[in-house]
Amino acid sequence: MGQVEATTERIIAADPEEVFDALADYTGTRAKLLPEHFSEYEVREGGDGEGTLVRWKLQATSKRVRDCLLEVSEPTTGQLVEKDRNSSMVTTWTVTPAGEGKAKAVVSTVWNGAGGIGGFFERTFAPKGLGRIYDAVLAKLAAEVEK
């Protein structure tokens, strides 16, 4: 059993604070950013960054659906951390300046993978699939804040 990690990033032509605020807005903007892999989205507590509790189902493959209940924290400026109460999965969103009027948004998810042959396939294919899903989220984020 090893740790599995999926990371993707994007340069967005918008102010870093605006990009971060859009990501942290779980009651408004965040739901609009989610591609078809996410369903049953609901904010259970809070709704703006730190202290938010949000739930959704993530369908990574046709057979793999993960029921996520995420606690949101903001450990440092420009960073959101979503810890899943139902698994070892932790997703970290980091927004930093990337030049005049631009932001670099990085999303990284880690979890404890399965052992054996299943774990081999998980470590091999899951990061690519999750990377594509989060790349779609970042594309929608860019479209939202670059208006």
# chains A, B, ... in the order shown; residues from 1 in each chain; ligands from 1
>>> residues_around(residues="Glu100 (chain A)", least_positions_apart="2", cutoff="12 Å", atoms="only C-alpha atoms", output="list in words")
Ile11, Ile12, Ala13, Ala14, Asp15, Pro16, Thr96, Pro97, Ala98, Lys102, Ala103 and Lys104 of chain A
>>> residues_around(residues="region 28-33 of chain A", least_positions_apart="2", cutoff="9 Å", atoms="only C-alpha atoms", output="PyMOL selection string")
chain A and resi 21-26+35+41-42+47+136-141+144
>>> write_last_selection(atoms="N, CA and C atoms", output="mmCIF file, in the first residue's frame")
data_model
loop_
_atom_site.group_PDB
_atom_site.id
_atom_site.type_symbol
_atom_site.label_atom_id
_atom_site.label_comp_id
_atom_site.auth_asym_id
_atom_site.auth_seq_id
_atom_site.Cartn_x
_atom_site.Cartn_y
_atom_site.Cartn_z
ATOM 1 N N ASP A 21 -10.667 33.353 -4.214
ATOM 2 C CA ASP A 21 -12.023 33.603 -3.718
ATOM 3 C C ASP A 21 -13.049 32.754 -4.462
ATOM 4 N N ALA A 22 -12.858 32.574 -5.771
ATOM 5 C CA ALA A 22 -13.777 31.742 -6.557
ATOM 6 C C ALA A 22 -13.702 30.284 -6.095
ATOM 7 N N LEU A 23 -12.496 29.784 -5.851
ATOM 8 C CA LEU A 23 -12.334 28.408 -5.377
ATOM 9 C C LEU A 23 -12.935 28.212 -3.985
ATOM 10 N N ALA A 24 -12.788 29.233 -3.138
ATOM 11 C CA ALA A 24 -13.250 29.140 -1.743
ATOM 12 C C ALA A 24 -14.753 29.338 -1.602
ATOM 13 N N ASP A 25 -15.411 29.792 -2.680
ATOM 14 C CA ASP A 25 -16.856 30.054 -2.652
ATOM 15 C C ASP A 25 -17.625 28.769 -2.935
ATOM 16 N N TYR A 26 -17.771 27.942 -1.909
ATOM 17 C CA TYR A 26 -18.429 26.645 -2.066
ATOM 18 C C TYR A 26 -19.933 26.773 -2.266
ATOM 19 N N PRO A 35 -17.077 19.388 -13.265
ATOM 20 C CA PRO A 35 -17.510 18.670 -14.468
ATOM 21 C C PRO A 35 -18.455 17.527 -14.105
ATOM 22 N N TYR A 41 -23.815 17.347 -5.143
ATOM 23 C CA TYR A 41 -23.060 18.403 -4.457
ATOM 24 C C TYR A 41 -23.932 19.103 -3.421
ATOM 25 N N GLU A 42 -23.430 19.225 -2.198
ATOM 26 C CA GLU A 42 -24.161 19.990 -1.182
ATOM 27 C C GLU A 42 -23.198 20.550 -0.137
ATOM 28 N N GLY A 47 -19.452 27.524 3.929
ATOM 29 C CA GLY A 47 -19.671 27.770 2.511
ATOM 30 C C GLY A 47 -18.616 28.665 1.897
ATOM 31 N N ALA A 136 -10.132 19.843 -15.998
ATOM 32 C CA ALA A 136 -11.435 20.373 -16.419
ATOM 33 C C ALA A 136 -11.950 21.408 -15.411
ATOM 34 N N VAL A 137 -11.747 21.147 -14.114
ATOM 35 C CA VAL A 137 -12.148 22.118 -13.088
ATOM 36 C C VAL A 137 -11.366 23.416 -13.267
ATOM 37 N N LEU A 138 -10.060 23.311 -13.476
ATOM 38 C CA LEU A 138 -9.235 24.519 -13.649
ATOM 39 C C LEU A 138 -9.603 25.270 -14.930
ATOM 40 N N ALA A 139 -9.978 24.569 -15.976
ATOM 41 C CA ALA A 139 -10.416 25.229 -17.213
ATOM 42 C C ALA A 139 -11.696 26.019 -16.965
ATOM 43 N N LYS A 140 -12.637 25.422 -16.228
ATOM 44 C CA LYS A 140 -13.880 26.134 -15.899
ATOM 45 C C LYS A 140 -13.606 27.316 -14.966
ATOM 46 N N LEU A 141 -12.657 27.136 -14.049
ATOM 47 C CA LEU A 141 -12.264 28.226 -13.153
ATOM 48 C C LEU A 141 -11.705 29.390 -13.967
ATOM 49 N N GLU A 144 -14.401 31.211 -15.735
ATOM 50 C CA GLU A 144 -15.231 31.967 -14.796
ATOM 51 C C GLU A 144 -14.569 33.301 -14.407
#
>>> residues_around(residues="region 43-45 of chain A", least_positions_apart="4", cutoff="6 Å", atoms="only C-alpha atoms", output="PyMOL selection string")
chain A and resi 52-54
>>> residues_around(residues="Glu5 (chain A)", least_positions_apart="3", cutoff="7 Å", atoms="only C-alpha atoms", output="PyMOL selection string")
chain A and resi 108-111+127
>>> closest_atom_pairs(of="region 3-50 of chain A", to="region 72-82 of chain A", cutoff="7 Å", atoms="only C-alpha atoms", output="CSV")
residue,atom,partner,partner_atom,distance
A:Phe20,CA,A:Gly78,CA,6.3
A:Gly49,CA,A:Val72,CA,6.3
A:Glu50,CA,A:Ser73,CA,4.4
>>> write_last_selection(atoms="all heavy atoms", output="CSV table (one decimal), in the first residue's frame")
chain,number,residue,atom,x,y,z
A,20,PHE,N,-8.5,32.7,-6.0
A,20,PHE,CA,-8.7,32.0,-4.7
A,20,PHE,C,-10.1,32.1,-4.1
A,20,PHE,O,-10.7,31.2,-3.7
A,20,PHE,CB,-7.7,32.5,-3.6
A,20,PHE,CG,-7.8,31.8,-2.3
A,20,PHE,CD1,-7.2,30.6,-2.1
A,20,PHE,CD2,-8.6,32.4,-1.3
A,20,PHE,CE1,-7.3,29.9,-0.9
A,20,PHE,CE2,-8.7,31.7,-0.1
A,20,PHE,CZ,-8.1,30.5,0.1
A,49,GLY,N,-14.6,28.9,2.3
A,49,GLY,CA,-13.3,28.6,2.7
A,49,GLY,C,-13.3,27.9,4.1
A,49,GLY,O,-14.1,26.9,4.3
A,50,GLU,N,-12.4,28.3,4.9
A,50,GLU,CA,-12.2,27.7,6.3
A,50,GLU,C,-13.5,27.4,7.0
A,50,GLU,O,-14.4,28.2,7.0
A,50,GLU,CB,-11.4,28.6,7.1
A,50,GLU,CG,-11.1,28.2,8.5
A,50,GLU,CD,-9.8,27.3,8.6
A,50,GLU,OE1,-8.9,27.5,7.9
A,50,GLU,OE2,-9.8,26.4,9.5
>>> select_by_dssp(residues="chain A", states="strand (DSSP E)", output="JSON, numbers by chain")
{"A": [3, 4, 5, 6, 7, 8, 9, 10, 11, 12, 38, 39, 40, 41, 42, 43, 44, 45, 53, 54, 55, 56, 57, 58, 59, 65, 66, 67, 68, 69, 70, 71, 72, 73, 79, 80, 81, 82, 83, 84, 90, 91, 92, 93, 94, 95, 96, 97, 103, 104, 105, 106, 107, 108, 109, 110, 111, 112]}
>>> write_last_selection(atoms="C-alpha atoms", output="JSON list (two decimals), in the first residue's frame")
[["chain", "number", "residue", "atom", "x", "y", "z"],
["A", 3, "GLN", "CA", 0.56, 6.85, -1.35],
["A", 4, "VAL", "CA", -0.97, 7.90, -4.66],
["A", 5, "GLU", "CA", -0.73, 11.50, -5.88],
["A", 6, "ALA", "CA", -2.34, 13.41, -8.74],
["A", 7, "THR", "CA", -1.32, 17.00, -9.48],
["A", 8, "THR", "CA", -2.28, 19.46, -12.18],
["A", 9, "GLU", "CA", -1.82, 23.22, -12.61],
["A", 10, "ARG", "CA", -2.86, 26.12, -14.80],
["A", 11, "ILE", "CA", -1.87, 29.75, -15.31],
["A", 12, "ILE", "CA", -5.02, 31.88, -15.15],
["A", 38, "PHE", "CA", -19.17, 15.21, -9.66],
["A", 39, "SER", "CA", -22.75, 14.70, -8.45],
["A", 40, "GLU", "CA", -24.96, 15.22, -5.39],
["A", 41, "TYR", "CA", -23.06, 18.40, -4.46],
["A", 42, "GLU", "CA", -24.16, 19.99, -1.18],
["A", 43, "VAL", "CA", -22.70, 22.42, 1.32],
["A", 44, "ARG", "CA", -23.47, 21.17, 4.84],
["A", 45, "GLU", "CA", -21.70, 23.83, 6.92],
["A", 53, "LEU", "CA", -18.13, 21.04, 5.15],
["A", 54, "VAL", "CA", -19.09, 19.97, 1.63],
["A", 55, "ARG", "CA", -20.26, 16.66, 0.19],
["A", 56, "TRP", "CA", -20.23, 15.25, -3.31],
["A", 57, "LYS", "CA", -19.85, 12.02, -5.20],
["A", 58, "LEU", "CA", -16.83, 11.74, -7.46],
["A", 59, "GLN", "CA", -17.07, 9.24, -10.30],
["A", 65, "VAL", "CA", -17.61, 6.23, -7.33],
["A", 66, "ARG", "CA", -16.28, 7.85, -4.17],
["A", 67, "ASP", "CA", -18.65, 9.45, -1.64],
["A", 68, "CYS", "CA", -16.70, 12.44, -0.32],
["A", 69, "LEU", "CA", -17.41, 14.47, 2.82],
["A", 70, "LEU", "CA", -14.78, 17.19, 2.89],
["A", 71, "GLU", "CA", -13.66, 19.47, 5.71],
["A", 72, "VAL", "CA", -12.08, 22.65, 4.36],
["A", 73, "SER", "CA", -9.22, 24.49, 6.02],
["A", 79, "GLN", "CA", -4.27, 27.60, 0.12],
["A", 80, "LEU", "CA", -7.40, 25.48, 0.60],
["A", 81, "VAL", "CA", -7.13, 21.96, 1.98],
["A", 82, "GLU", "CA", -10.05, 19.55, 1.61],
["A", 83, "LYS", "CA", -9.79, 16.48, 3.89],
["A", 84, "ASP", "CA", -12.21, 13.66, 3.19],
["A", 90, "VAL", "CA", -6.63, 15.09, 0.87],
["A", 91, "THR", "CA", -6.86, 17.69, -1.89],
["A", 92, "THR", "CA", -4.81, 20.89, -1.68],
["A", 93, "TRP", "CA", -5.55, 23.92, -3.85],
["A", 94, "THR", "CA", -2.76, 26.52, -3.97],
["A", 95, "VAL", "CA", -3.07, 29.87, -5.73],
["A", 96, "THR", "CA", 0.05, 32.05, -6.15],
["A", 97, "PRO", "CA", 0.93, 35.11, -8.24],
["A", 103, "ALA", "CA", -2.31, 33.46, -11.02],
["A", 104, "LYS", "CA", -0.93, 29.94, -10.89],
["A", 105, "ALA", "CA", -3.51, 27.48, -9.58],
["A", 106, "VAL", "CA", -2.22, 24.07, -8.50],
["A", 107, "VAL", "CA", -4.41, 21.20, -7.30],
["A", 108, "SER", "CA", -2.85, 18.13, -5.73],
["A", 109, "THR", "CA", -4.68, 15.11, -4.33],
["A", 110, "VAL", "CA", -3.05, 12.37, -2.27],
["A", 111, "TRP", "CA", -4.49, 9.21, -0.75],
["A", 112, "ASN", "CA", -3.37, 5.82, 0.53]]
>>> select_by_dssp(residues="region 102-143 of chain A", states="alpha helix (DSSP H)", output="MDAnalysis selection string")
chainID A and resid 116:143
>>> atom_distance(atom1="CA of His37 (chain A)", atom2="CA of Ala142 (chain A)")
18.5 Å
>>> residues_around(residues="Gly118 (chain A)", least_positions_apart="6", cutoff="12 Å", atoms="only C-alpha atoms", output="list in words")
Met1, Gly2, Thr124, Phe125 and Ala126 of chain A
>>> closest_residue(among="A:Asp48, A:Tyr134, A:Thr27, A:Met89", to="Gly113 (chain A)", atoms="only C-alpha atoms")
A:Met89
